[in-house]
Amino acid sequence: MPSSSFQPVSGLADVAVEYDAIFCDIWGVVHNGRRPHFAACGALERYRDEIGPVVLMSNTSRPSALVPESFAQLEMPDGFFDAIVTSGDAIVNELARRSPGPAFLIGQVDVEGEEGFGLFDQVPMNFADMDEADFVVCTRPYDYSDSVEDYEDILTDLLARELDMVCTNPDVKVKVDGREVMCAGAIAQAYEAMGGTAVYGGKPHPPIYQLGRAWLEETLGYAPDRILMIGDNLFTDVLGAQNEGIDCLFIQDGLYGATAAEFRALCERHGLSARYQLPELVW
């Protein structure tokens, strides 16, 4: 890991003028799933007012058009972003290519507020039993208290049928009001480790960044090179920024190791680095 990695800064103001635009994660940075992080929203609003556009970038399966509804439920402030792109947006083309299925479902898609809600209004999909399915759609665990081990038998059966898995949310875990819960990405990664094939649209994979860059180019009239990624997830936000060749401001909130030594060892083991680090996003 480069010695310049994870440089501590006092706030976004320390580095803001170096960048023409921001890609910013949502969950864990601007809210915790229950309450807004008002200082983070204020920092992004000030960046917008003084420097350039902010594109929120989320691994949620929900289409971006539905995200403002969830913001309203959380009583999020206005005026801190210009656009939203989601993993749901980024996976639509892959799902459309496979529509109408039939597909075997891991997760839920018809419960308002749940991962996958609204996605299949855009892409019609027939869900079926495993024996009748052509592929798998994974939107989330069946229950957020589940562990990966709970899916071993299902994944073994899917692998025996050589079914591809379309993962609509690549996150492995998130914090919900301080509690860690497993996400669809953990199931998809376990399937890959067994020899199965998984397809992703969200961070750290290219499709979601292509959407974000396309919005910037259309809005600004050019494709900026100086983009800052802000996020709290090593394996989506930090890795995605590395893959895209853009700088990252990592929000280290304790999700990855209880001590600085544990955190650095984890990063070194996986070859991960970000240019800057803050405990929480502030101006």
# chains A, B, ... in the order shown; residues from 1 in each chain; ligands from 1
>>> select_by_dssp(residues="range 111-273 of chain A", states="alpha helix (DSSP H)", output="ChimeraX atom specification")
/A:119-122,152-160,184-193,206-220,239-244,260-270
>>> select_by_dssp(residues="range 159-253 of chain A", states="strand (DSSP E or B)", output="ChimeraX atom specification")
/A:165-167,173-176,179-182,198-200,227-231,247-251
>>> write_last_selection(atoms="N, CA and C atoms", output="PDB file, in the first residue's frame")
ATOM      1  N   MET A 165     -25.976 -16.099 -12.097  1.00  0.00           N
ATOM      2  CA  MET A 165     -26.632 -15.282 -11.085  1.00  0.00           C
ATOM      3  C   MET A 165     -26.459 -13.812 -11.440  1.00  0.00           C
ATOM      4  N   VAL A 166     -27.566 -13.091 -11.584  1.00  0.00           N
ATOM      5  CA  VAL A 166     -27.533 -11.643 -11.769  1.00  0.00           C
ATOM      6  C   VAL A 166     -27.734 -11.010 -10.406  1.00  0.00           C
ATOM      7  N   CYS A 167     -26.692 -10.358  -9.901  1.00  0.00           N
ATOM      8  CA  CYS A 167     -26.726  -9.746  -8.577  1.00  0.00           C
ATOM      9  C   CYS A 167     -27.055  -8.268  -8.744  1.00  0.00           C
ATOM     10  N   LYS A 173     -21.882  -6.168   2.776  1.00  0.00           N
ATOM     11  CA  LYS A 173     -22.499  -5.865   4.075  1.00  0.00           C
ATOM     12  C   LYS A 173     -22.636  -4.357   4.202  1.00  0.00           C
ATOM     13  N   VAL A 174     -23.619  -3.954   4.988  1.00  0.00           N
ATOM     14  CA  VAL A 174     -23.804  -2.541   5.314  1.00  0.00           C
ATOM     15  C   VAL A 174     -24.152  -2.438   6.789  1.00  0.00           C
ATOM     16  N   LYS A 175     -24.021  -1.223   7.309  1.00  0.00           N
ATOM     17  CA  LYS A 175     -24.473  -0.954   8.662  1.00  0.00           C
ATOM     18  C   LYS A 175     -25.851  -0.317   8.608  1.00  0.00           C
ATOM     19  N   VAL A 176     -26.790  -0.885   9.339  1.00  0.00           N
ATOM     20  CA  VAL A 176     -28.121  -0.314   9.487  1.00  0.00           C
ATOM     21  C   VAL A 176     -28.252   0.183  10.913  1.00  0.00           C
ATOM     22  N   ARG A 179     -25.841  -1.555  13.079  1.00  0.00           N
ATOM     23  CA  ARG A 179     -25.823  -3.024  13.053  1.00  0.00           C
ATOM     24  C   ARG A 179     -25.427  -3.511  11.659  1.00  0.00           C
ATOM     25  N   GLU A 180     -24.460  -4.423  11.582  1.00  0.00           N
ATOM     26  CA  GLU A 180     -24.030  -4.956  10.300  1.00  0.00           C
ATOM     27  C   GLU A 180     -25.027  -5.997   9.792  1.00  0.00           C
ATOM     28  N   VAL A 181     -25.400  -5.889   8.507  1.00  0.00           N
ATOM     29  CA  VAL A 181     -26.275  -6.879   7.894  1.00  0.00           C
ATOM     30  C   VAL A 181     -25.675  -7.306   6.563  1.00  0.00           C
ATOM     31  N   MET A 182     -25.949  -8.531   6.169  1.00  0.00           N
ATOM     32  CA  MET A 182     -25.450  -9.092   4.927  1.00  0.00           C
ATOM     33  C   MET A 182     -26.279  -8.588   3.749  1.00  0.00           C
ATOM     34  N   ALA A 198     -21.421 -14.988 -11.683  1.00  0.00           N
ATOM     35  CA  ALA A 198     -22.240 -13.877 -11.197  1.00  0.00           C
ATOM     36  C   ALA A 198     -21.999 -12.662 -12.071  1.00  0.00           C
ATOM     37  N   VAL A 199     -23.074 -11.897 -12.299  1.00  0.00           N
ATOM     38  CA  VAL A 199     -23.023 -10.696 -13.137  1.00  0.00           C
ATOM     39  C   VAL A 199     -23.471  -9.515 -12.286  1.00  0.00           C
ATOM     40  N   TYR A 200     -22.721  -8.406 -12.373  1.00  0.00           N
ATOM     41  CA  TYR A 200     -22.988  -7.239 -11.533  1.00  0.00           C
ATOM     42  C   TYR A 200     -23.097  -5.976 -12.389  1.00  0.00           C
ATOM     43  N   ILE A 227     -12.272  13.543 -10.875  1.00  0.00           N
ATOM     44  CA  ILE A 227     -13.454  13.132 -10.127  1.00  0.00           C
ATOM     45  C   ILE A 227     -13.005  12.541  -8.802  1.00  0.00           C
ATOM     46  N   LEU A 228     -13.682  12.907  -7.727  1.00  0.00           N
ATOM     47  CA  LEU A 228     -13.412  12.344  -6.410  1.00  0.00           C
ATOM     48  C   LEU A 228     -14.536  11.410  -6.014  1.00  0.00           C
ATOM     49  N   MET A 229     -14.193  10.177  -5.678  1.00  0.00           N
ATOM     50  CA  MET A 229     -15.153   9.219  -5.137  1.00  0.00           C
ATOM     51  C   MET A 229     -15.143   9.328  -3.626  1.00  0.00           C
ATOM     52  N   ILE A 230     -16.316   9.438  -3.020  1.00  0.00           N
ATOM     53  CA  ILE A 230     -16.439   9.444  -1.557  1.00  0.00           C
ATOM     54  C   ILE A 230     -17.264   8.225  -1.155  1.00  0.00           C
ATOM     55  N   GLY A 231     -16.733   7.396  -0.268  1.00  0.00           N
ATOM     56  CA  GLY A 231     -17.482   6.217   0.141  1.00  0.00           C
ATOM     57  C   GLY A 231     -16.903   5.578   1.383  1.00  0.00           C
ATOM     58  N   ASP A 247      -9.416   9.348  -7.697  1.00  0.00           N
ATOM     59  CA  ASP A 247      -9.086   9.442  -6.276  1.00  0.00           C
ATOM     60  C   ASP A 247     -10.305   9.129  -5.419  1.00  0.00           C
ATOM     61  N   CYS A 248     -10.017   8.701  -4.190  1.00  0.00           N
ATOM     62  CA  CYS A 248     -11.100   8.336  -3.269  1.00  0.00           C
ATOM     63  C   CYS A 248     -10.860   8.974  -1.909  1.00  0.00           C
ATOM     64  N   LEU A 249     -11.913   9.514  -1.340  1.00  0.00           N
ATOM     65  CA  LEU A 249     -11.953   9.947   0.062  1.00  0.00           C
ATOM     66  C   LEU A 249     -12.733   8.882   0.815  1.00  0.00           C
ATOM     67  N   PHE A 250     -12.029   8.121   1.640  1.00  0.00           N
ATOM     68  CA  PHE A 250     -12.637   6.987   2.339  1.00  0.00           C
ATOM     69  C   PHE A 250     -13.168   7.433   3.686  1.00  0.00           C
ATOM     70  N   ILE A 251     -14.421   7.100   3.950  1.00  0.00           N
ATOM     71  CA  ILE A 251     -15.049   7.392   5.237  1.00  0.00           C
ATOM     72  C   ILE A 251     -14.914   6.149   6.106  1.00  0.00           C
TER      73      ILE A 251
END
>>> residues_around(residues="Leu105 in chain A", least_positions_apart="3", cutoff="7 Å", atoms="only C-alpha atoms", output="list in words")
Phe127, Val136, Val137 and Cys138 of chain A
>>> write_last_selection(atoms="N, CA and C atoms", output="PDB file, in the first residue's frame")
ATOM      1  N   PHE A 127     -40.835 -15.041 -12.445  1.00  0.00           N
ATOM      2  CA  PHE A 127     -40.063 -15.800 -11.466  1.00  0.00           C
ATOM      3  C   PHE A 127     -40.652 -17.195 -11.329  1.00  0.00           C
ATOM      4  N   VAL A 136     -30.642 -16.900 -12.284  1.00  0.00           N
ATOM      5  CA  VAL A 136     -30.982 -16.502 -10.919  1.00  0.00           C
ATOM      6  C   VAL A 136     -30.900 -14.977 -10.808  1.00  0.00           C
ATOM      7  N   VAL A 137     -31.846 -14.396 -10.087  1.00  0.00           N
ATOM      8  CA  VAL A 137     -31.766 -12.989  -9.703  1.00  0.00           C
ATOM      9  C   VAL A 137     -31.611 -12.936  -8.190  1.00  0.00           C
ATOM     10  N   CYS A 138     -30.562 -12.257  -7.718  1.00  0.00           N
ATOM     11  CA  CYS A 138     -30.345 -12.089  -6.275  1.00  0.00           C
ATOM     12  C   CYS A 138     -30.429 -10.607  -5.950  1.00  0.00           C
TER      13      CYS A 138
END
>>> closest_residue(among="A:Ala103, A:Ala190, A:Asp20, A:Ile208", to="Ile91 in chain A", atoms="only C-alpha atoms")
A:Ile208
>>> residues_around(residues="Pro170 in chain A", least_positions_apart="5", cutoff="9 Å", atoms="only C-alpha atoms", output="ChimeraX atom specification")
/A:59-60,87,183-186,188-189,200-205,236
>>> closest_residue(among="A:Glu94, A:Asp143, A:Asp78, A:Asp237", to="Leu272 in chain A", atoms="only C-alpha atoms")
A:Asp237
>>> closest_residue(among="A:Ala265, A:Ala214, A:Val282, A:Ile51", to="His37 in chain A", atoms="only C-alpha atoms")
A:Val282
>>> residues_around(residues="Arg46 in chain A", least_positions_apart="6", cutoff="12 Å", atoms="only C-alpha atoms", output="PyMOL selection string")
chain A and resi 11-13+16-17+39-40+52-54+79-81+282-283
>>> residues_around(residues="Ser58 in chain A", least_positions_apart="2", cutoff="6 Å", atoms="only C-alpha atoms", output="PyMOL selection string")
chain A and resi 25-26+60+86
>>> atom_distance(atom1="CA of Ala128 in chain A", atom2="CA of Pro141 in chain A")
17.3 Å
>>> closest_residue(among="A:Ala260, A:Phe38, A:Pro207, A:Arg269", to="Ala90 in chain A", atoms="only C-alpha atoms")
A:Pro207
>>> closest_atom_pairs(of="range 10-64 of chain A", to="range 71-75 of chain A", cutoff="9 Å", atoms="only C-alpha atoms", output="tab-separated table")
residue	atom	partner	partner_atom	distance
A:His31	CA	A:Leu74	CA	8.4
A:Gly33	CA	A:Leu74	CA	8.0
A:Arg34	CA	A:Leu74	CA	6.4
A:Arg35	CA	A:Leu74	CA	5.9
A:Pro36	CA	A:Leu74	CA	6.7
>>> atom_distance(atom1="CA of Val30 in chain A", atom2="CA of Met57 in chain A")
11.2 Å
>>> closest_residue(among="A:Leu211, A:Ala261, A:Glu162, A:Val172", to="Met194 in chain A", atoms="only C-alpha atoms")
A:Glu162
>>> residues_around(residues="Leu66 in chain A", least_positions_apart="6", cutoff="10 Å", atoms="only C-alpha atoms", output="short mmCIF file (atom, residue, chain, number, x, y, z; two decimals) with N, CA, C and O atoms, in the first residue's frame")
data_model
loop_
_atom_site.label_atom_id
_atom_site.label_comp_id
_atom_site.auth_asym_id
_atom_site.auth_seq_id
_atom_site.Cartn_x
_atom_site.Cartn_y
_atom_site.Cartn_z
N ILE A 84 -28.58 11.01 -9.38
CA ILE A 84 -28.41 9.72 -8.69
C ILE A 84 -28.29 8.63 -9.74
O ILE A 84 -29.06 8.61 -10.72
N GLY A 113 -40.01 -0.42 -0.45
CA GLY A 113 -38.91 -0.12 0.45
C GLY A 113 -37.83 -1.19 0.47
O GLY A 113 -36.74 -0.96 0.96
N PHE A 117 -37.42 -3.41 -5.25
CA PHE A 117 -38.73 -2.80 -5.47
C PHE A 117 -38.64 -1.79 -6.62
O PHE A 117 -37.79 -0.93 -6.62
N GLY A 118 -39.52 -1.93 -7.58
CA GLY A 118 -39.55 -1.01 -8.71
C GLY A 118 -38.70 -1.43 -9.88
O GLY A 118 -38.95 -1.01 -11.02
N LEU A 119 -37.68 -2.25 -9.65
CA LEU A 119 -36.79 -2.65 -10.73
C LEU A 119 -37.51 -3.44 -11.81
O LEU A 119 -37.31 -3.22 -13.01
#
>>> atom_distance(atom1="CA of Pro63 in chain A", atom2="CA of Ala83 in chain A")
12.4 Å
